[in-house]
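Peer 1: Once you've had a glance at the structure underneath, I'll fire off some questions.
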Amino acid sequence: MRDEFAFLNDAEVAALYTHPRPPMRNGRSPIELCMVASLDGSIALDGLSGGLSNSADLKVLSTLRSASGCVLVAAGTVRSERYGTPARPDLTVAVVTNSCNLDWDGPLFSSGQAIVVTHSSADLPSHIRSIRAGETSVDITLAVEQLQQYVPQQGFIQLEGGPTLNASLHQHDLIDVVNLTLSPQLVGGPGQRMIESSVELTQKFRLQHAVSDGDCLFTRWVRHSEAAS
């Protein structure tokens, strides 16, 4: 039996997170939200997630990214967390933005692995790949439909925030799995939550696993209504 406070090794992380994901009942690829949070629910420390994370959390994040084949993330998160060139050469990073205020010459877009998810009225440089969904703002349901082409067979879409993008997918009942790391810290302050919206919408999940690495707890929660595992 695994010791309760043992440290996760590469084989254990792979066993927990690299299994094949069958399509949802409607045929689309699962969408898995991956976040780290403090004990009081903050998802950032001094404005960044790094202060809540540790080496095991980064290992889980990179493993999930590799298994997914497609990362979905908001432009604000890309800017604040300084997303660079993806480690895996066939990983697609889909960046959701209405304003298109991004560093087109930075390493993420220079890598050729990024694709912008925006609306049909947006002004983009000609060399930037894009998905157009919605007339004057991003229609996330249409965007998810178009993103299916970038998800490998039995893969999934890895959702990495921020809170407004998470809320948009939750509002449309599009979050199928939550991979949540609990950091052993109390943060307080006005820190952001995982989902920030003015409307309450309840979706129940069941616990698939809870594994510790030192004092960090790695949990995986799957929707009751669909068999996305």
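Residue numbering restarts at 1 in every chain; chains get A, B, ... in the order shown in the structure tokens, and ligands count up from 1 in that same order.
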I want to know what sits within 10 Å of A:Val13, based on only C-alpha atoms, with residues of the same chain fewer than 4 positions away left out; could you give that as a VMD selection string?

Peer 2: chain A and resid 8 to 9 17 to 18 56 to 57 59 to 61 63 to 64 211

Peer 1: Put those residues in a file: N, CA and C atoms, as a PDB file, in the first residue's frame.

Peer 2:
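Below is the file selection.pdb, written as the result:
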ATOM      1  N   LEU A   8       5.040  11.608  -5.093  1.00  0.00           N
ATOM      2  CA  LEU A   8       4.648  11.034  -6.376  1.00  0.00           C
ATOM      3  C   LEU A   8       5.862  10.878  -7.284  1.00  0.00           C
ATOM      4  N   ASN A   9       6.015   9.691  -7.864  1.00  0.00           N
ATOM      5  CA  ASN A   9       7.063   9.507  -8.858  1.00  0.00           C
ATOM      6  C   ASN A   9       6.447   9.545 -10.258  1.00  0.00           C
ATOM      7  N   TYR A  17      -2.884   9.886 -14.696  1.00  0.00           N
ATOM      8  CA  TYR A  17      -3.354  10.934 -15.602  1.00  0.00           C
ATOM      9  C   TYR A  17      -3.214  10.662 -17.099  1.00  0.00           C
ATOM     10  N   THR A  18      -2.557   9.579 -17.513  1.00  0.00           N
ATOM     11  CA  THR A  18      -2.348   9.391 -18.954  1.00  0.00           C
ATOM     12  C   THR A  18      -3.260   8.341 -19.569  1.00  0.00           C
ATOM     13  N   ALA A  56       5.774  18.521  -7.822  1.00  0.00           N
ATOM     14  CA  ALA A  56       4.819  17.476  -8.195  1.00  0.00           C
ATOM     15  C   ALA A  56       3.647  18.063  -8.975  1.00  0.00           C
ATOM     16  N   ASP A  57       3.188  19.245  -8.581  1.00  0.00           N
ATOM     17  CA  ASP A  57       2.095  19.900  -9.294  1.00  0.00           C
ATOM     18  C   ASP A  57       2.511  20.225 -10.720  1.00  0.00           C
ATOM     19  N   LYS A  59       4.705  18.600 -12.406  1.00  0.00           N
ATOM     20  CA  LYS A  59       4.792  17.305 -13.092  1.00  0.00           C
ATOM     21  C   LYS A  59       3.409  16.852 -13.563  1.00  0.00           C
ATOM     22  N   VAL A  60       2.419  17.020 -12.698  1.00  0.00           N
ATOM     23  CA  VAL A  60       1.045  16.660 -13.069  1.00  0.00           C
ATOM     24  C   VAL A  60       0.565  17.543 -14.211  1.00  0.00           C
ATOM     25  N   LEU A  61       0.831  18.846 -14.133  1.00  0.00           N
ATOM     26  CA  LEU A  61       0.420  19.775 -15.184  1.00  0.00           C
ATOM     27  C   LEU A  61       1.021  19.386 -16.528  1.00  0.00           C
ATOM     28  N   THR A  63       2.212  16.495 -17.452  1.00  0.00           N
ATOM     29  CA  THR A  63       1.703  15.185 -17.868  1.00  0.00           C
ATOM     30  C   THR A  63       0.321  15.324 -18.482  1.00  0.00           C
ATOM     31  N   LEU A  64      -0.538  16.111 -17.872  1.00  0.00           N
ATOM     32  CA  LEU A  64      -1.879  16.334 -18.410  1.00  0.00           C
ATOM     33  C   LEU A  64      -1.817  17.042 -19.757  1.00  0.00           C
ATOM     34  N   VAL A 211      -4.695  11.790  -3.968  1.00  0.00           N
ATOM     35  CA  VAL A 211      -3.366  11.257  -3.689  1.00  0.00           C
ATOM     36  C   VAL A 211      -2.485  12.388  -3.170  1.00  0.00           C
TER      37      VAL A 211
END

Peer 1: Considering only C-alpha atoms, return as a VMD selection string whatever protein or nucleic-acid residues lie within 10 Å of A:Arg82, sequence-local ones (same chain, fewer than 6 positions apart) excluded.

Peer 2: chain A and resid 76 106 to 108

Peer 1: Let's have the selection written as a PDB file, in the first residue's frame, with C-alpha atoms.

Peer 2:
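Wrote out38.pdb, looks like this:
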ATOM      1  CA  GLY A  76      -5.028  37.025 -19.458  1.00  0.00           C
ATOM      2  CA  GLY A 106       6.620  36.148 -28.186  1.00  0.00           C
ATOM      3  CA  PRO A 107       7.777  32.524 -27.919  1.00  0.00           C
ATOM      4  CA  LEU A 108       4.271  30.997 -27.744  1.00  0.00           C
TER       5      LEU A 108
END

Peer 1: Have a look at A:Val177, A:Gln158, A:Gln185, A:Ser29 and name the one nearest to A:Gly51; count only C-alpha atoms.

Peer 2: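 Using only C-alpha atoms, the shortest distance to A:Gly51 belongs to A:Gln185.
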
Peer 1: Work out how far apart atom CA of A:Ser42 and atom CA of A:Met194 are and give it in Å to one decimal.

Peer 2: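 So the answer is 7.5 Å.
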
Peer 1: Set the distance at 7 Å and use only C-alpha atoms: which residues neighbour A:Ile115 once local chain neighbours fewer than 4 positions away are removed? I'd like the list as JSON, numbers by chain.

Peer 2: {"A": [93, 94, 95, 129, 130]}

Peer 1: Which residues, written as a PyMOL selection string, have at least one atom at most 12 Å from A:Asp103, with only C-alpha atoms counted and residues fewer than 2 positions away on the same chain left out?

Peer 2: chain A and resi 75-76+78-80+82-84+95+100-101+105-110+114+116+124-125+128

Peer 1: Write out as a list of chain:residue names which residues come within 10 Å of A:Leu45 when counting only C-alpha atoms, dropping same-chain ones fewer than 3 positions away.

Peer 2: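 Those residues are A:Ala37, A:Ser38, A:Ser42, A:Leu48, A:Ser49, A:Gly50, A:Gly51, A:Leu52, A:Ser53, A:Gln185, A:Val187, A:Gly188, A:Gly189, A:Gly191, A:Gln192.
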
Peer 1: Selection from above, N, CA and C atoms, as a PDB file, in the first residue's frame, can you write it?

Peer 2:
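What landed in selection.pdb:
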ATOM      1  N   ALA A  37      -5.145  25.338  -6.016  1.00  0.00           N
ATOM      2  CA  ALA A  37      -5.825  26.285  -5.135  1.00  0.00           C
ATOM      3  C   ALA A  37      -5.325  26.124  -3.708  1.00  0.00           C
ATOM      4  N   SER A  38      -5.401  27.220  -2.961  1.00  0.00           N
ATOM      5  CA  SER A  38      -5.064  27.183  -1.538  1.00  0.00           C
ATOM      6  C   SER A  38      -6.208  26.551  -0.758  1.00  0.00           C
ATOM      7  N   SER A  42      -8.168  30.267  -2.918  1.00  0.00           N
ATOM      8  CA  SER A  42      -7.488  31.192  -3.817  1.00  0.00           C
ATOM      9  C   SER A  42      -6.695  30.410  -4.864  1.00  0.00           C
ATOM     10  N   LEU A  48      -0.057  35.171  -9.089  1.00  0.00           N
ATOM     11  CA  LEU A  48       0.398  34.056  -9.914  1.00  0.00           C
ATOM     12  C   LEU A  48       0.127  32.730  -9.221  1.00  0.00           C
ATOM     13  N   SER A  49       0.002  31.674 -10.015  1.00  0.00           N
ATOM     14  CA  SER A  49      -0.257  30.347  -9.450  1.00  0.00           C
ATOM     15  C   SER A  49       1.002  29.688  -8.893  1.00  0.00           C
ATOM     16  N   GLY A  50       2.175  30.167  -9.301  1.00  0.00           N
ATOM     17  CA  GLY A  50       3.425  29.512  -8.944  1.00  0.00           C
ATOM     18  C   GLY A  50       3.664  29.400  -7.452  1.00  0.00           C
ATOM     19  N   GLY A  51       3.213  30.391  -6.686  1.00  0.00           N
ATOM     20  CA  GLY A  51       3.416  30.366  -5.249  1.00  0.00           C
ATOM     21  C   GLY A  51       2.621  29.294  -4.536  1.00  0.00           C
ATOM     22  N   LEU A  52       1.606  28.736  -5.219  1.00  0.00           N
ATOM     23  CA  LEU A  52       0.787  27.667  -4.659  1.00  0.00           C
ATOM     24  C   LEU A  52       1.265  26.289  -5.111  1.00  0.00           C
ATOM     25  N   SER A  53       2.096  26.267  -6.123  1.00  0.00           N
ATOM     26  CA  SER A  53       2.490  25.019  -6.775  1.00  0.00           C
ATOM     27  C   SER A  53       3.757  24.445  -6.149  1.00  0.00           C
ATOM     28  N   GLN A 185      -1.833  25.862   2.097  1.00  0.00           N
ATOM     29  CA  GLN A 185      -1.647  27.248   2.493  1.00  0.00           C
ATOM     30  C   GLN A 185      -2.990  27.950   2.660  1.00  0.00           C
ATOM     31  N   VAL A 187      -4.371  31.753   2.234  1.00  0.00           N
ATOM     32  CA  VAL A 187      -3.892  32.954   1.550  1.00  0.00           C
ATOM     33  C   VAL A 187      -4.639  34.208   1.997  1.00  0.00           C
ATOM     34  N   GLY A 188      -5.966  34.107   2.130  1.00  0.00           N
ATOM     35  CA  GLY A 188      -6.751  35.288   2.453  1.00  0.00           C
ATOM     36  C   GLY A 188      -6.736  36.303   1.321  1.00  0.00           C
ATOM     37  N   GLY A 189      -7.041  37.545   1.636  1.00  0.00           N
ATOM     38  CA  GLY A 189      -7.012  38.598   0.626  1.00  0.00           C
ATOM     39  C   GLY A 189      -8.114  38.459  -0.401  1.00  0.00           C
ATOM     40  N   GLY A 191      -8.075  37.262  -3.383  1.00  0.00           N
ATOM     41  CA  GLY A 191      -7.647  36.376  -4.467  1.00  0.00           C
ATOM     42  C   GLY A 191      -8.799  35.784  -5.265  1.00  0.00           C
ATOM     43  N   GLN A 192      -8.534  35.486  -6.532  1.00  0.00           N
ATOM     44  CA  GLN A 192      -9.546  34.942  -7.422  1.00  0.00           C
ATOM     45  C   GLN A 192      -9.891  33.504  -7.059  1.00  0.00           C
TER      46      GLN A 192
END

Peer 1: Between A:Thr181, A:Phe7, A:Leu33, A:Asp176, which has the minimum distance to A:Phe205 (counting only C-alpha atoms)?

Peer 2: A:Asp176

Peer 1: What lies within 12 Å of A:Pro23 using only C-alpha atoms, ignoring chain neighbours under 2 positions off, as JSON, numbers by chain?

Peer 2: {"A": [20, 21, 25, 26, 27, 28, 29, 30, 31, 148, 151, 152, 153, 154, 155, 156, 157, 176, 226, 227, 228, 229]}

Peer 1: If you count only C-alpha atoms, which residues fall within 7 Å of A:Glu196, apart from same-chain ones fewer than 5 positions away, as a ChimeraX atom specification?

Peer 2: /A:163-164,167

Peer 1: I need the residues from that last selection saved to file as an mmCIF file, in the first residue's frame (with C-alpha atoms), if you can.

Peer 2:
data_model
loop_
_atom_site.group_PDB
_atom_site.id
_atom_site.type_symbol
_atom_site.label_atom_id
_atom_site.label_comp_id
_atom_site.auth_asym_id
_atom_site.auth_seq_id
_atom_site.Cartn_x
_atom_site.Cartn_y
_atom_site.Cartn_z
ATOM 1 C CA PRO A 163 -11.763 32.272 -13.795
ATOM 2 C CA THR A 164 -13.860 34.072 -16.430
ATOM 3 C CA ALA A 167 -17.100 30.343 -15.764
#

Peer 1: For a quick check of understanding, using only C-alpha atoms, which of A:Ala210, A:Val73, A:Ala133, A:Leu142 has the smallest distance to A:Cys34?

Peer 2: A:Val73

Peer 1: Among the residues of stretch 118-214 of chain A, find those DSSP assigns to strand (DSSP E or B) from the backbone and print them as number ranges by chain.

Peer 2: A: 118, 130-132, 156-159, 177-183, 205-213

Peer 1: Separation of atom CA of A:Val222 and atom CA of A:Leu159, in Å?

Peer 2: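 Taking atom CA of A:Val222 as the start and atom CA of A:Leu159 as the end point, the length is 14.3 Å.
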